[in-house]
>>> print(open('upload-v1.cif').read())   # mmCIF, C-alpha atoms
data_entry
#
loop_
_atom_site.label_atom_id
_atom_site.label_comp_id
_atom_site.auth_asym_id
_atom_site.auth_seq_id
_atom_site.Cartn_x
_atom_site.Cartn_y
_atom_site.Cartn_z
CA MET A 22 8.91 -8.60 -4.45
CA ALA A 23 9.74 -6.33 -7.37
CA HIS A 24 12.79 -4.10 -7.16
CA LYS A 25 13.29 -2.06 -4.00
CA GLN A 26 11.49 1.28 -4.23
CA LYS A 27 11.81 4.57 -2.36
CA VAL A 28 8.73 5.58 -0.39
CA LEU A 29 8.03 8.86 1.42
CA VAL A 30 5.31 8.71 4.07
CA LEU A 31 4.00 12.03 5.35
CA GLY A 32 2.47 11.69 8.79
CA GLY A 33 4.62 8.59 9.25
CA SER A 34 5.47 9.12 12.90
CA SER A 35 2.26 7.59 14.29
CA GLY A 36 -1.07 5.96 13.53
CA ILE A 37 -1.95 5.13 9.93
CA GLY A 38 1.22 6.69 8.53
CA GLU A 39 3.45 4.64 10.78
CA ALA A 40 1.49 1.50 9.90
CA ALA A 41 1.94 2.24 6.20
CA ALA A 42 5.66 2.75 6.71
CA SER A 43 5.84 -0.57 8.53
CA ALA A 44 4.04 -2.34 5.68
CA PHE A 45 6.43 -0.94 3.07
CA LEU A 46 9.44 -1.88 5.21
CA ALA A 47 8.15 -5.43 5.61
CA SER A 48 7.95 -5.64 1.82
CA GLY A 49 11.60 -4.65 1.49
CA HIS A 50 11.27 -1.04 0.36
CA GLU A 51 13.33 2.00 1.35
CA VAL A 52 11.19 4.21 3.59
CA ILE A 53 11.41 7.83 4.70
CA ILE A 54 8.93 9.08 7.31
CA ALA A 55 8.18 12.77 7.76
CA SER A 56 6.13 14.80 10.20
CA ARG A 57 6.31 18.05 12.12
CA SER A 58 7.70 16.67 15.40
CA ASN A 59 11.31 15.53 15.70
CA ASP A 60 10.47 13.83 18.99
CA LYS A 61 7.68 11.78 17.38
CA LEU A 62 9.92 10.90 14.45
CA LYS A 63 12.65 9.70 16.80
CA ALA A 64 10.15 7.55 18.72
CA ALA A 65 8.70 6.11 15.50
CA LYS A 66 12.17 5.28 14.21
CA SER A 67 12.86 3.35 17.42
CA ARG A 68 9.73 1.28 16.76
CA LEU A 69 10.14 0.85 13.00
CA GLY A 70 13.88 0.36 12.70
CA ASP A 71 15.53 1.03 9.35
CA VAL A 72 13.80 4.24 8.24
CA ALA A 73 15.10 7.72 7.46
CA THR A 74 13.30 10.68 9.07
CA PHE A 75 12.63 14.24 8.01
CA ALA A 76 10.94 17.02 9.98
CA VAL A 77 8.60 19.13 7.86
CA ASP A 78 5.80 21.64 8.35
CA ALA A 79 3.16 20.57 5.83
CA THR A 80 1.45 23.95 6.11
CA ASP A 81 4.55 25.82 4.91
CA ASP A 82 5.58 25.91 1.24
CA ALA A 83 9.25 26.58 1.96
CA SER A 84 9.52 23.72 4.47
CA VAL A 85 7.91 21.28 2.03
CA ALA A 86 10.09 22.43 -0.89
CA ALA A 87 13.25 22.10 1.20
CA MET A 88 12.34 18.56 2.20
CA MET A 89 11.68 17.44 -1.36
CA ALA A 90 14.91 19.00 -2.59
CA ALA A 91 16.86 17.18 0.12
CA ILE A 92 15.17 13.80 -0.47
CA GLY A 93 15.33 13.84 -4.27
CA PRO A 94 13.72 11.18 -6.51
CA ILE A 95 11.06 8.92 -4.98
CA ASP A 96 8.82 6.14 -6.27
CA HIS A 97 5.81 6.49 -3.98
CA LEU A 98 4.33 9.32 -1.93
CA VAL A 99 1.93 8.42 0.88
CA LEU A 100 -0.02 11.28 2.44
CA THR A 101 -1.62 10.67 5.83
CA ALA A 102 -1.11 14.16 7.26
CA GLY A 103 -3.87 16.19 8.85
CA GLY A 104 -6.99 15.88 10.94
CA GLY A 105 -10.63 16.26 10.05
CA GLY A 106 -11.24 19.63 11.70
CA SER A 107 -13.70 20.70 14.36
CA GLY A 108 -16.82 18.68 14.93
CA GLY A 109 -20.31 19.98 15.59
CA PRO A 110 -23.35 21.33 13.76
CA PHE A 111 -22.44 23.71 10.94
CA ALA A 112 -24.75 26.37 12.39
CA GLN A 113 -22.45 26.44 15.42
CA ILE A 114 -18.96 25.86 14.01
CA GLY A 115 -19.43 28.03 10.92
CA ALA A 116 -17.34 28.47 7.81
CA ALA A 117 -14.20 29.22 9.83
CA ALA A 118 -14.07 25.57 10.90
CA LEU A 119 -14.00 24.53 7.26
CA ALA A 120 -11.03 26.80 6.62
CA VAL A 121 -9.14 25.22 9.53
CA ALA A 122 -9.89 21.70 8.29
CA PHE A 123 -8.92 22.63 4.73
CA GLU A 124 -5.53 23.94 5.81
CA ALA A 125 -4.77 21.10 8.20
CA LYS A 126 -5.61 18.28 5.81
CA LEU A 127 -6.64 19.13 2.25
CA MET A 128 -4.15 21.95 1.72
CA ALA A 129 -1.38 20.11 3.57
CA GLN A 130 -1.75 17.00 1.41
CA ALA A 131 -2.20 19.08 -1.77
CA ARG A 132 0.92 21.11 -1.01
CA LEU A 133 2.99 17.98 -0.49
CA ALA A 134 1.63 16.35 -3.63
CA GLN A 135 2.42 19.36 -5.79
CA ALA A 136 5.97 19.62 -4.44
CA ALA A 137 6.57 15.90 -5.01
CA ILE A 138 5.38 15.71 -8.63
CA PRO A 139 8.76 16.62 -10.22
CA HIS A 140 10.49 14.04 -8.02
CA LEU A 141 8.20 11.08 -8.69
CA SER A 142 9.11 8.13 -10.86
CA GLN A 143 6.86 7.83 -13.91
CA SER A 144 5.96 4.34 -12.70
CA GLY A 145 5.30 5.65 -9.19
CA SER A 146 2.26 6.79 -7.27
CA ILE A 147 0.63 9.19 -4.86
CA THR A 148 -1.78 7.84 -2.25
CA PHE A 149 -3.91 10.36 -0.38
CA THR A 150 -5.78 9.57 2.85
CA GLY A 151 -9.35 10.78 3.18
CA GLY A 152 -12.16 9.56 5.39
CA VAL A 153 -15.70 8.17 5.23
CA ALA A 154 -17.17 11.55 6.13
CA GLY A 155 -16.40 12.48 2.55
CA GLN A 156 -18.63 9.69 1.22
CA LYS A 157 -21.72 9.86 3.40
CA ALA A 158 -23.57 12.50 5.36
CA LEU A 159 -22.46 12.35 8.99
CA PRO A 160 -24.18 14.97 11.17
CA GLY A 161 -21.69 17.06 13.10
CA MET A 162 -18.81 16.24 10.74
CA VAL A 163 -19.38 18.75 7.95
CA ALA A 164 -15.82 20.13 8.11
CA ALA A 165 -14.34 16.66 7.79
CA GLY A 166 -16.83 15.76 5.08
CA VAL A 167 -16.13 18.73 2.84
CA THR A 168 -12.38 18.36 3.34
CA ASN A 169 -12.36 14.67 2.50
CA MET A 170 -14.61 15.17 -0.52
CA GLY A 171 -12.10 17.74 -1.74
CA LEU A 172 -9.28 15.24 -1.39
CA GLU A 173 -11.20 12.65 -3.41
CA ALA A 174 -11.78 15.19 -6.18
CA LEU A 175 -8.10 16.14 -6.13
CA ALA A 176 -6.96 12.52 -6.35
CA LYS A 177 -9.18 11.81 -9.35
CA ALA A 178 -8.14 14.98 -11.18
CA LEU A 179 -4.43 14.32 -10.63
CA ALA A 180 -4.79 10.71 -11.81
CA VAL A 181 -5.56 12.15 -15.25
CA GLU A 182 -3.40 15.26 -15.10
CA ILE A 183 -0.08 13.69 -14.06
CA ALA A 184 -0.47 10.25 -15.68
CA PRO A 185 1.27 7.84 -15.99
CA VAL A 186 2.01 8.53 -12.31
CA ARG A 187 -0.85 6.81 -10.51
CA VAL A 188 -2.96 8.66 -7.96
CA ASN A 189 -5.43 7.05 -5.55
CA ILE A 190 -7.03 7.72 -2.19
CA VAL A 191 -7.64 5.38 0.72
CA VAL A 192 -10.81 6.13 2.71
CA PRO A 193 -10.64 4.79 6.27
CA GLY A 194 -13.61 4.33 8.53
CA LEU A 195 -13.26 4.52 12.32
CA VAL A 196 -9.72 3.45 13.23
CA ASP A 197 -8.23 3.07 16.71
CA THR A 198 -5.17 5.34 16.52
CA PRO A 199 -3.34 7.71 18.88
CA ALA A 200 -5.69 10.45 17.66
CA TYR A 201 -8.13 9.16 20.28
CA ALA A 202 -5.56 8.96 23.08
CA GLY A 203 -6.90 12.10 24.73
CA ILE A 204 -10.26 10.46 25.47
CA PRO A 205 -10.48 8.77 28.91
CA ASP A 206 -10.00 5.00 28.64
CA ASP A 207 -13.50 4.01 29.71
CA MET A 208 -15.15 6.48 27.34
CA ARG A 209 -12.91 5.42 24.46
CA THR A 210 -13.57 1.75 25.09
CA GLY A 211 -17.31 2.34 25.17
CA PHE A 212 -17.22 4.45 22.03
CA PHE A 213 -15.30 1.82 20.07
CA ALA A 214 -17.49 -0.99 21.38
CA GLY A 215 -20.64 0.82 20.32
CA ALA A 216 -19.24 1.53 16.88
CA ALA A 217 -18.02 -2.06 16.46
CA ALA A 218 -21.49 -3.41 17.22
CA GLY A 219 -22.83 -1.60 14.17
CA LEU A 220 -20.21 -2.88 11.72
CA PRO A 221 -20.45 -6.12 9.73
CA VAL A 222 -16.89 -7.07 10.73
CA GLY A 223 -17.72 -6.60 14.42
CA ARG A 224 -14.75 -4.37 15.27
CA VAL A 225 -13.28 -0.96 14.56
CA GLY A 226 -10.25 -0.63 12.36
CA LYS A 227 -6.61 -0.92 13.29
CA ALA A 228 -3.90 1.26 11.79
CA SER A 229 -2.38 -1.88 10.26
CA ASP A 230 -5.61 -2.49 8.30
CA ILE A 231 -5.18 0.84 6.55
CA GLY A 232 -1.42 0.46 6.20
CA ALA A 233 -1.89 -2.83 4.36
CA ALA A 234 -4.42 -1.21 2.02
CA ILE A 235 -2.04 1.67 1.26
CA LEU A 236 0.75 -0.76 0.38
CA ALA A 237 -1.58 -2.67 -1.96
CA ILE A 238 -2.83 0.51 -3.62
CA ALA A 239 0.60 2.04 -4.13
CA THR A 240 2.17 -1.09 -5.59
CA ASN A 241 -0.70 -2.06 -7.92
CA GLY A 242 0.40 -0.74 -11.28
CA TYR A 243 -3.09 -1.02 -12.79
CA MET A 244 -4.90 1.09 -10.19
CA THR A 245 -5.39 4.84 -10.51
CA GLY A 246 -8.11 7.41 -9.88
CA THR A 247 -9.70 5.09 -7.34
CA SER A 248 -11.15 5.64 -3.87
CA VAL A 249 -10.57 2.53 -1.75
CA VAL A 250 -12.91 2.39 1.23
CA VAL A 251 -11.61 0.46 4.24
CA ASP A 252 -14.34 0.89 6.84
CA GLY A 253 -15.37 -2.56 8.07
CA GLY A 254 -18.54 -2.40 5.98
CA GLY A 255 -19.79 0.82 7.56
CA HIS A 256 -20.84 2.18 4.17
CA LEU A 257 -23.31 -0.70 3.63
#
>>> encode(input="upload-v1.cif", output="structure tokens")
Amino acid sequence: MAHKQKVLVLGGSSGIGEAAASAFLASGHEVIIASRSNDKLKAAKSRLGDVATFAVDATDDASVAAMMAAIGPIDHLVLTAGGGGSGGPFAQIGAAALAVAFEAKLMAQARLAQAAIPHLSQSGSITFTGGVAGQKALPGMVAAGVTNMGLEALAKALAVEIAPVRVNIVVPGLVDTPAYAGIPDDMRTGFFAGAAAGLPVGRVGKASDIGAAILAIATNGYMTGTSVVVDGGGHL
């Protein structure tokens, strides 16, 4: 491994963020995980081990600024915060659903990226997390689609604007994470099985699949302005 680097993972208390934190730790880096919930951070720390934690409200400018001031210089910023917004036909959910999705994911990740720019090493990186709804038309997922498309546009623009800091975005497909924990077990199992049957790899994603991709993206010094799709071949 190259020299030990300092990595801040937003949304690092569960799911893809926690998996990314685990991948960086396994590679010998210094890792800080941040999310809104102190309880979730404490639980994640018990699973991960040697990580620092920081509670932050990614929808609040002052909270984000205070966190960055306290943490100081970093090498890599990983942004996994936010959901995709309400599902359903646009005629039913309306423009208000887009505004909710924007604030929860696009604006949250954008706010964190902007606050981190002065603290990033010139050889460092930002990795956003989008979703496949931003790359293909998925009926009933217009809020997620528009939000994730916005994140891809932001990542590409920043790759030029703040160079030589590298900026990329990982684009997961369907991934089995705690986000689906509220669905009854039998329904969740059936949903994942049906989705897996339509994928070339024959399974849905695991958080560790995306975490490994984030580590590779962030530490590849010749990669910037790129959308890396990790969806089991669902885009084919």
>>> closest_residue(input="upload-v1.cif", among="A:Ala122, A:Ala131, A:Leu100, A:Ala83", to="Ala42 of chain A", atoms="all atoms listed in the file")
A:Leu100
>>> residues_near_point(input="upload-v1.cif", point="(1.2, 3.1, 8.7)", cutoff="9 Å", atoms="all atoms listed in the file", output="PyMOL selection string")
chain A and resi 30+32-45+101+228-233+235
>>> residues_around(input="upload-v1.cif", residues="segment 151-167 of chain A", least_positions_apart="6", cutoff="12 Å", atoms="only C-alpha atoms", output="PyMOL selection string")
chain A and resi 37+99-127+130+173-176+189-196+231+235+247-257
>>> resolve_selection(input="upload-v1.cif", expression="the PyMOL selection byres ((chain A and resi 47-59) around 9)", output="PyMOL selection string")
chain A and resi 22+24-34+38-39+42-46+60-66+71-79+92+102+236
>>> resolve_selection(input="upload-v1.cif", expression="the PyMOL selection byres ((chain A and resi 240-242) around 9)", output="NGL selection string")
:A and (97 or 144-146 or 187 or 235-239 or 243-245)
>>> atom_distance(input="upload-v1.cif", atom1="atom CA of Ala234 of chain A", atom2="atom CA of Thr150 of chain A")
10.9 Å
>>> resolve_selection(input="upload-v1.cif", expression="the PyMOL selection byres ((chain A and resi 143) around 8)", output="list of chain:residue names")
A:Leu141, A:Ser142, A:Ser144, A:Gly145, A:Ala184, A:Pro185, A:Val186
>>> atom_distance(input="upload-v1.cif", atom1="atom CA of Val181 of chain A", atom2="atom CA of Phe149 of chain A")
15.1 Å
>>> atom_distance(input="upload-v1.cif", atom1="atom CA of Leu172 of chain A", atom2="atom CA of Met89 of chain A")
21.1 Å
>>> axis_aligned_box(input="upload-v1.cif", around="segment 171-179 of chain A", padding_each_side="3 Å", output="JSON")
{"center_x": -8.3, "center_y": 14.8, "center_z": -6.3, "size_x": 13.7, "size_y": 11.9, "size_z": 15.8}
>>> residues_around(input="upload-v1.cif", residues="Gly93 of chain A", least_positions_apart="3", cutoff="10 Å", atoms="only C-alpha atoms", output="list in words")
Met88, Met89, Ala90, Ala137, Pro139, His140 and Leu141 of chain A
>>> closest_residue(input="upload-v1.cif", among="A:Pro94, A:Gly211, A:Pro205, A:Gly246", to="Leu179 of chain A", atoms="all atoms listed in the file")
A:Gly246
